>>> print(open('work_25.cif').read())   # mmCIF, C-alpha atoms
data_model
loop_
_atom_site.label_atom_id
_atom_site.label_comp_id
_atom_site.auth_asym_id
_atom_site.auth_seq_id
_atom_site.Cartn_x
_atom_site.Cartn_y
_atom_site.Cartn_z
CA MET M 110 -19.38 39.24 6.33
CA ALA M 111 -20.82 36.39 4.26
CA ASN M 112 -18.37 36.76 1.34
CA ASP M 113 -15.34 36.34 3.58
CA PRO M 114 -13.43 33.29 2.27
CA ILE M 115 -12.03 32.61 5.75
CA HIS M 116 -15.49 32.40 7.33
CA GLN M 117 -15.90 28.71 6.38
CA PHE M 118 -13.03 27.67 8.66
CA GLN M 119 -14.60 29.06 11.84
CA ILE M 120 -15.23 26.55 14.60
CA HIS M 121 -18.40 27.11 16.58
CA ASP M 122 -20.07 25.24 19.39
CA LEU M 123 -23.07 23.08 18.59
CA THR M 124 -23.96 22.40 22.23
CA ASP M 125 -23.54 24.25 25.51
CA LYS M 126 -20.11 24.22 27.10
CA PHE M 127 -19.56 21.73 29.90
CA HIS M 128 -16.73 21.22 32.36
CA ILE M 129 -14.80 18.03 33.08
CA GLY M 130 -12.02 18.25 35.66
CA GLY M 131 -11.72 22.03 35.37
CA TYR M 132 -11.38 21.98 31.56
CA GLU M 133 -13.95 23.48 29.27
CA PHE M 134 -15.42 21.16 26.64
CA SER M 135 -18.00 21.61 23.94
CA PHE M 136 -19.21 19.69 20.92
CA THR M 137 -18.07 21.71 17.89
CA ASN M 138 -18.72 21.38 14.16
CA SER M 139 -15.15 20.11 13.82
CA ALA M 140 -15.90 17.27 16.25
CA LEU M 141 -19.15 16.53 14.42
CA PHE M 142 -17.38 16.08 11.07
CA MET M 143 -14.57 14.05 12.60
CA GLY M 144 -17.25 11.70 13.91
CA ALA M 145 -18.95 11.73 10.51
CA THR M 146 -15.62 10.83 8.87
CA VAL M 147 -15.07 7.85 11.15
CA LEU M 148 -18.68 6.70 10.75
CA THR M 149 -18.43 6.97 6.95
CA ILE M 150 -15.24 4.92 6.80
CA THR M 151 -16.50 2.26 9.20
CA GLY M 152 -19.94 2.09 7.61
CA PHE M 153 -18.64 1.88 4.06
CA LEU M 154 -16.00 -0.76 4.77
CA LEU M 155 -18.48 -2.87 6.78
CA LEU M 156 -20.93 -2.60 3.88
CA ALA M 157 -18.20 -3.54 1.39
CA ALA M 158 -17.12 -6.59 3.42
CA ARG M 159 -20.62 -7.64 4.48
CA LYS M 160 -21.08 -10.44 1.99
CA ALA M 161 -17.79 -11.12 0.28
CA GLU M 162 -18.23 -12.77 -3.10
CA LEU M 163 -15.75 -14.27 -5.52
CA VAL M 164 -16.94 -11.87 -8.21
CA PRO M 165 -17.15 -8.57 -6.30
CA GLY M 166 -20.07 -6.20 -6.69
CA LYS M 167 -19.76 -2.43 -6.97
CA THR M 168 -19.30 -1.67 -3.28
CA GLN M 169 -16.97 -4.60 -2.72
CA SER M 170 -14.82 -3.57 -5.70
CA VAL M 171 -14.31 -0.09 -4.28
CA GLY M 172 -13.48 -1.55 -0.89
CA GLU M 173 -10.98 -3.96 -2.42
CA LEU M 174 -9.43 -1.22 -4.55
CA TRP M 175 -9.04 0.99 -1.49
CA TYR M 176 -7.49 -1.81 0.55
CA GLU M 177 -5.19 -3.05 -2.19
CA MET M 178 -3.88 0.41 -3.04
CA VAL M 179 -2.69 1.03 0.52
CA HIS M 180 -1.49 -2.56 0.81
CA ASN M 181 0.67 -2.28 -2.32
CA MET M 182 2.03 1.05 -1.13
CA VAL M 183 3.05 -0.35 2.26
CA ARG M 184 4.59 -3.45 0.66
CA GLN M 185 6.44 -1.42 -1.95
CA VAL M 186 7.97 1.10 0.47
CA LEU M 187 8.36 -0.87 3.70
CA GLY M 188 8.87 -4.39 2.39
CA PRO M 189 7.56 -7.52 4.15
CA GLU M 190 8.60 -6.12 7.55
CA GLY M 191 6.09 -3.30 7.22
CA LYS M 192 3.10 -5.63 7.34
CA LYS M 193 2.36 -4.76 10.95
CA PHE M 194 2.17 -1.06 10.12
CA PHE M 195 -0.49 -1.62 7.47
CA PRO M 196 -3.46 -0.97 9.82
CA LEU M 197 -1.91 2.34 10.93
CA VAL M 198 -1.20 3.55 7.40
CA PHE M 199 -4.63 2.40 6.21
CA SER M 200 -6.35 4.26 9.07
CA LEU M 201 -4.37 7.44 8.45
CA PHE M 202 -5.03 7.31 4.70
CA SER M 203 -8.74 6.61 5.16
CA PHE M 204 -9.21 9.34 7.75
CA VAL M 205 -7.45 12.01 5.69
CA LEU M 206 -9.11 10.93 2.43
CA VAL M 207 -12.66 10.84 3.77
CA ALA M 208 -12.18 14.04 5.79
CA ASN M 209 -10.93 15.80 2.61
CA MET M 210 -13.76 14.39 0.51
CA LEU M 211 -16.48 15.28 3.04
CA GLY M 212 -15.05 18.80 3.06
CA MET M 213 -15.81 19.11 -0.67
CA PHE M 214 -19.58 19.09 -0.04
CA PRO M 215 -21.09 22.59 0.16
CA TYR M 216 -21.67 23.85 3.72
CA PHE M 217 -19.61 20.95 5.13
CA PHE M 218 -16.70 21.62 7.44
CA THR M 219 -13.23 20.44 6.36
CA VAL M 220 -11.60 18.80 9.35
CA THR M 221 -8.16 18.73 7.72
CA SER M 222 -8.18 22.50 7.14
CA GLN M 223 -7.48 22.94 10.86
CA VAL M 224 -3.78 22.98 11.67
CA VAL M 225 -4.56 21.40 15.07
CA VAL M 226 -5.82 18.21 13.42
CA THR M 227 -3.07 17.84 10.82
CA ALA M 228 -0.28 18.75 13.25
CA THR M 229 -1.59 16.17 15.73
CA LEU M 230 -1.54 13.48 13.03
CA ALA M 231 1.96 14.52 11.91
CA VAL M 232 3.43 14.64 15.43
CA PHE M 233 1.85 11.26 16.16
CA VAL M 234 3.54 9.77 13.08
CA ILE M 235 6.97 11.26 13.89
CA VAL M 236 6.87 10.19 17.55
CA LEU M 237 5.93 6.69 16.39
CA VAL M 238 8.85 6.70 13.91
CA VAL M 239 11.31 7.69 16.67
CA LEU M 240 9.92 5.03 19.04
CA VAL M 241 10.06 2.30 16.37
CA GLY M 242 13.60 3.32 15.42
CA ILE M 243 14.82 3.14 19.02
CA TRP M 244 12.93 -0.11 19.59
CA LYS M 245 14.44 -1.79 16.50
CA HIS M 246 18.00 -0.44 16.59
CA GLY M 247 18.56 1.05 20.04
CA LEU M 248 20.09 4.48 20.43
CA SER M 249 22.53 3.76 17.58
CA TRP M 250 19.55 4.42 15.31
CA PHE M 251 20.28 8.15 15.58
CA LYS M 252 23.89 7.48 14.59
CA LYS M 253 22.78 5.45 11.56
CA LEU M 254 20.30 8.14 10.58
CA PHE M 255 22.44 11.24 11.00
CA ILE M 256 25.90 9.91 10.01
CA PRO M 257 25.58 8.41 6.52
CA HIS M 258 28.12 5.84 5.31
CA GLY M 259 30.91 6.74 2.92
CA VAL M 260 30.89 10.49 3.45
CA PRO M 261 34.36 12.14 3.62
CA LEU M 262 35.24 13.37 7.11
CA VAL M 263 35.65 16.97 5.91
CA ILE M 264 32.02 17.46 4.89
CA LEU M 265 30.52 15.09 7.47
CA PRO M 266 29.55 17.84 9.98
CA PHE M 267 27.64 19.72 7.29
CA ILE M 268 25.88 16.57 6.06
CA SER M 269 24.94 15.66 9.65
CA LEU M 270 23.62 19.15 10.26
CA ILE M 271 21.51 18.99 7.10
CA GLU M 272 20.22 15.53 8.05
CA ILE M 273 19.27 16.74 11.53
CA ILE M 274 17.50 19.82 10.19
CA SER M 275 15.64 17.76 7.60
CA PHE M 276 14.57 15.28 10.30
CA LEU M 277 13.34 18.04 12.61
CA SER M 278 11.41 19.76 9.83
CA ARG M 279 9.48 16.58 8.97
CA PRO M 280 6.60 16.93 11.46
CA VAL M 281 6.21 20.60 10.48
CA SER M 282 6.17 19.92 6.75
CA LEU M 283 3.98 16.80 7.04
CA GLY M 284 1.30 18.66 9.00
CA LEU M 285 1.53 21.99 7.21
CA ARG M 286 1.40 20.47 3.72
CA LEU M 287 -2.00 18.87 4.27
CA PHE M 288 -3.32 21.90 6.17
CA GLY M 289 -2.02 24.38 3.60
CA ASN M 290 -3.35 22.47 0.61
CA MET M 291 -6.85 22.13 2.00
CA LEU M 292 -6.91 25.72 3.28
CA ALA M 293 -5.62 27.19 0.00
CA GLY M 294 -7.93 25.06 -2.14
CA HIS M 295 -11.05 26.00 -0.22
CA ILE M 296 -10.12 29.69 -0.14
CA VAL M 297 -9.59 29.70 -3.93
CA LEU M 298 -12.97 28.00 -4.47
CA LYS M 299 -14.77 30.58 -2.32
CA VAL M 300 -12.92 33.50 -3.95
CA PHE M 301 -14.02 32.40 -7.44
CA ALA M 302 -17.57 31.76 -6.22
CA GLY M 303 -17.46 35.27 -4.73
CA PHE M 304 -16.51 36.70 -8.16
CA VAL M 305 -19.64 35.13 -9.67
CA VAL M 306 -21.90 36.61 -6.99
CA SER M 307 -20.42 40.11 -7.03
CA LEU M 308 -20.31 40.29 -10.87
CA GLY M 309 -23.87 38.96 -11.14
CA ALA M 310 -25.09 41.78 -8.90
CA LEU M 311 -23.94 44.35 -11.50
CA GLY M 312 -26.75 43.64 -13.98
CA LEU M 313 -26.80 41.98 -17.42
CA GLY M 314 -23.25 42.87 -18.43
CA GLY M 315 -21.97 41.58 -15.11
CA MET M 316 -23.89 38.33 -15.52
CA LEU M 317 -22.27 37.76 -18.93
CA GLY M 318 -18.90 38.50 -17.37
CA ALA M 319 -19.62 36.07 -14.54
CA ILE M 320 -19.68 33.10 -16.95
CA ALA M 321 -15.87 32.86 -17.02
CA PRO M 322 -15.31 32.66 -13.23
CA MET M 323 -18.28 30.27 -13.03
CA PHE M 324 -16.55 27.77 -15.34
CA MET M 325 -13.31 28.41 -13.48
CA ALA M 326 -15.05 27.51 -10.20
CA VAL M 327 -16.32 24.25 -11.74
CA ALA M 328 -12.85 23.38 -13.03
CA LEU M 329 -11.29 24.24 -9.67
CA THR M 330 -13.79 21.98 -7.91
CA ALA M 331 -12.61 19.10 -10.08
CA LEU M 332 -9.00 20.03 -9.29
CA GLU M 333 -9.80 20.12 -5.59
CA PHE M 334 -11.16 16.56 -5.71
CA LEU M 335 -7.83 15.52 -7.24
CA VAL M 336 -5.92 17.44 -4.55
CA ALA M 337 -8.07 15.91 -1.80
CA PHE M 338 -7.15 12.42 -2.98
CA LEU M 339 -3.52 13.28 -3.74
CA GLN M 340 -2.87 14.82 -0.33
CA ALA M 341 -4.30 11.79 1.47
CA PHE M 342 -2.10 9.58 -0.72
CA VAL M 343 0.96 11.75 -0.09
CA PHE M 344 0.33 11.80 3.66
CA ALA M 345 0.13 8.00 3.73
CA ILE M 346 3.18 7.46 1.52
CA LEU M 347 5.30 9.94 3.49
CA THR M 348 4.29 8.06 6.64
CA CYS M 349 5.60 4.90 4.94
CA VAL M 350 8.82 6.64 3.86
CA TYR M 351 9.47 7.92 7.39
CA LEU M 352 8.68 4.51 8.88
CA ASN M 353 11.11 3.01 6.38
CA ASP M 354 13.81 5.25 7.87
CA ALA M 355 12.98 3.75 11.26
CA LEU M 356 13.04 0.15 10.01
CA HIS M 357 15.99 0.35 7.60
CA PRO M 358 18.15 3.41 8.45
CA GLY M 359 21.27 4.35 6.54
CA HIS M 360 19.50 4.36 3.13
CA MET B 252 5.41 53.34 6.72
CA ASP B 253 2.15 52.28 8.32
CA ALA B 254 2.48 48.92 10.07
CA SER B 255 -0.58 47.39 8.37
CA ALA B 256 0.69 48.52 4.96
CA ALA B 257 4.02 46.81 5.66
CA LYS B 258 2.07 43.66 6.62
CA LEU B 259 0.21 43.62 3.30
CA ILE B 260 3.43 44.21 1.33
CA GLY B 261 5.10 41.41 3.30
CA ALA B 262 2.23 39.03 2.50
CA GLY B 263 2.61 39.85 -1.18
CA ILE B 264 6.35 39.29 -1.10
CA ALA B 265 5.87 35.98 0.73
CA CYS B 266 3.68 34.75 -2.14
CA ILE B 267 6.64 35.00 -4.55
CA GLY B 268 7.80 31.75 -2.96
CA MET B 269 4.80 29.97 -4.47
CA GLY B 270 6.16 30.74 -7.93
CA GLY B 271 9.30 28.81 -7.00
CA ALA B 272 7.17 25.86 -5.94
CA GLY B 273 5.38 26.05 -9.29
CA ILE B 274 8.71 25.90 -11.13
CA GLY B 275 9.75 22.91 -9.00
CA VAL B 276 6.55 20.93 -9.54
CA GLY B 277 6.67 21.69 -13.25
CA HIS B 278 10.25 20.43 -13.44
CA ILE B 279 9.36 17.20 -11.66
CA PHE B 280 6.37 16.31 -13.81
CA GLY B 281 8.04 17.54 -16.99
CA ASN B 282 11.06 15.36 -16.38
CA TYR B 283 8.84 12.46 -15.34
CA LEU B 284 6.90 12.75 -18.58
CA ALA B 285 10.11 13.00 -20.63
CA GLY B 286 11.44 9.87 -18.94
CA ALA B 287 8.12 8.07 -19.27
CA LEU B 288 7.99 8.73 -23.03
CA ARG B 289 11.52 7.37 -23.45
CA ASN B 290 10.84 4.24 -21.44
CA PRO B 291 7.09 3.68 -20.96
CA ALA B 292 7.66 0.25 -19.39
CA ALA B 293 9.40 1.76 -16.36
CA ALA B 294 6.98 4.69 -16.01
CA GLY B 295 4.35 3.06 -13.80
CA ALA B 296 6.79 2.09 -11.07
CA GLN B 297 8.18 5.62 -10.84
CA PHE B 298 4.88 7.50 -10.71
CA THR B 299 4.79 7.19 -6.92
CA ASN B 300 8.26 8.74 -6.70
CA ALA B 301 7.13 11.59 -8.95
CA LEU B 302 4.19 12.23 -6.63
CA ILE B 303 6.41 12.22 -3.54
CA GLY B 304 8.79 14.68 -5.18
CA ALA B 305 5.93 16.91 -6.27
CA ALA B 306 4.44 16.86 -2.77
CA LEU B 307 7.78 17.74 -1.19
CA ALA B 308 8.32 20.62 -3.63
CA GLU B 309 4.74 21.84 -3.31
CA GLY B 310 5.01 21.81 0.49
CA LEU B 311 7.58 24.60 0.37
CA GLY B 312 5.26 26.76 -1.70
CA ILE B 313 2.46 26.05 0.74
CA PHE B 314 4.73 27.27 3.57
CA SER B 315 5.07 30.66 1.90
CA LEU B 316 1.29 30.80 1.43
CA VAL B 317 0.83 29.99 5.12
CA VAL B 318 3.27 32.80 6.00
CA ALA B 319 1.26 35.18 3.81
CA LEU B 320 -2.03 34.12 5.41
CA LEU B 321 -0.52 34.46 8.89
CA LEU B 322 0.55 38.01 8.03
CA LEU B 323 -2.88 38.87 6.65
CA PHE B 324 -5.17 37.32 9.26
CA VAL B 325 -3.21 36.54 12.43
CA ALA B 326 -0.26 38.88 12.98
#
>>> encode(input="work_25.cif", output="structure tokens")
Amino acid sequence: MANDPIHQFQIHDLTDKFHIGGYEFSFTNSALFMGATVLTITGFLLLAARKAELVPGKTQSVGELWYEMVHNMVRQVLGPEGKKFFPLVFSLFSFVLVANMLGMFPYFFTVTSQVVVTATLAVFVIVLVVLVGIWKHGLSWFKKLFIPHGVPLVILPFISLIEIISFLSRPVSLGLRLFGNMLAGHIVLKVFAGFVVSLGALGLGGMLGAIAPMFMAVALTALEFLVAFLQAFVFAILTCVYLNDALHPGH
Amino acid sequence: MDASAAKLIGAGIACIGMGGAGIGVGHIFGNYLAGALRNPAAAGAQFTNALIGAALAEGLGIFSLVVALLLLFVA
């Protein structure tokens, strides 16, 4: 069914399956676009930094803007201590941003619309946060995180319970937010494009009626570009916020 | 009731949650704009916080959408 809005998220093999150590591997379209994402980021940033000038050209300006935005974000949320996490946050932001943006091209696969990819990124971030917290503060980090200062003893168990639940739901919400946004956006785009096609097949009256969903599809494409950027930004800044909990617990 | 009919009704009910997320995001940006018009000098520094709040509120709506899609296509 070509009009199926879910069809675009199907993963299919591009090469024959091969076996390594008893596990089945194959090169899929998802892997292809993940590679394309990494190549785009690396290629663009190398191009932008190739000949650095005092007065930056077009490419260099974009590169500097990109770098400075993430740098300001890390400095604002994490403070001077967060400097060593800048490469991580920059990599995460760049990967999610370019994967989202590549997904906006017609017939391109959106890597971040697979829950496997986003959940892996989210679990990686949360495991890192726990490790950094234990490394910086020892096991008392959990005490600082889950038992806030200045809370009356009567409501402390409830507050602790809420804090624990909110901590445990972080990897789920971090991964599902990105996945859900990209999935929902792409489904909506295909549904409105499907309206245009099926109305246009009805003849002249249908074609006139198809003008409205056509403009809607154009407007939604613009909105999706905004969402693609915003979700990458939100993913990076939530990474910073969670890392901030590891570096400076107890709010 | 037929099981597949119950699934479709459940998916529709799950989507009500997205309306709640819409109310939440609208509240956040509406209040941000109201604050920004009162004190434009402080607006720029708080835009990041507005985005974080909007993302957190929107995430809950996305969860209900994911539940609806799971009911429609997976369960």
>>> interface_residues(input="work_25.cif", of="chain B", to="chain M", cutoff="12 Å", atoms="all atoms listed in the file", output="number ranges by chain")
B: 269, 296-321, 323-325
>>> write_last_selection(input="work_25.cif", atoms="C-alpha atoms", output="short mmCIF file (atom, residue, chain, number, x, y, z; two decimals), keeping the file's coordinate frame")
data_model
loop_
_atom_site.label_atom_id
_atom_site.label_comp_id
_atom_site.auth_asym_id
_atom_site.auth_seq_id
_atom_site.Cartn_x
_atom_site.Cartn_y
_atom_site.Cartn_z
CA MET B 269 4.80 29.97 -4.47
CA ALA B 296 6.79 2.09 -11.07
CA GLN B 297 8.18 5.62 -10.84
CA PHE B 298 4.88 7.50 -10.71
CA THR B 299 4.79 7.19 -6.92
CA ASN B 300 8.26 8.74 -6.70
CA ALA B 301 7.13 11.59 -8.95
CA LEU B 302 4.19 12.23 -6.63
CA ILE B 303 6.41 12.22 -3.54
CA GLY B 304 8.79 14.68 -5.18
CA ALA B 305 5.93 16.91 -6.27
CA ALA B 306 4.44 16.86 -2.77
CA LEU B 307 7.78 17.74 -1.19
CA ALA B 308 8.32 20.62 -3.63
CA GLU B 309 4.74 21.84 -3.31
CA GLY B 310 5.01 21.81 0.49
CA LEU B 311 7.58 24.60 0.37
CA GLY B 312 5.26 26.76 -1.70
CA ILE B 313 2.46 26.05 0.74
CA PHE B 314 4.73 27.27 3.57
CA SER B 315 5.07 30.66 1.90
CA LEU B 316 1.29 30.80 1.43
CA VAL B 317 0.83 29.99 5.12
CA VAL B 318 3.27 32.80 6.00
CA ALA B 319 1.26 35.18 3.81
CA LEU B 320 -2.03 34.12 5.41
CA LEU B 321 -0.52 34.46 8.89
CA LEU B 323 -2.88 38.87 6.65
CA PHE B 324 -5.17 37.32 9.26
CA VAL B 325 -3.21 36.54 12.43
#
>>> atom_distance(input="work_25.cif", atom1="CA of Val171 in chain M", atom2="CA of Ala157 in chain M")
7.7 Å
>>> atom_distance(input="work_25.cif", atom1="CA of His357 in chain M", atom2="CA of Val226 in chain M")
28.8 Å
>>> atom_distance(input="work_25.cif", atom1="CA of Gly130 in chain M", atom2="CA of Gly144 in chain M")
23.3 Å
>>> closest_residue(input="work_25.cif", among="M:Ile256, M:Val305, M:Ala228, M:Met210", to="Thr330 in chain M", atoms="only C-alpha atoms")
M:Met210
>>> residues_around(input="work_25.cif", residues="Val183 in chain M", least_positions_apart="5", cutoff="8 Å", atoms="all atoms listed in the file", output="list of chain:residue names")
M:Gly188, M:Gly191, M:Lys192, M:Phe194, M:Phe195, M:Val198, M:Ile346, M:Cys349
>>> resolve_selection(input="work_25.cif", expression="the PyMOL selection byres ((chain M and resi 235-241) around 9)", output="list in words")
Leu230, Ala231, Val232, Phe233, Val234, Gly242, Ile243, Trp244, Lys245, His246, Trp250, Arg279, Pro280, Thr348, Tyr351, Leu352, Asn353, Asp354, Ala355 and Leu356 of chain M
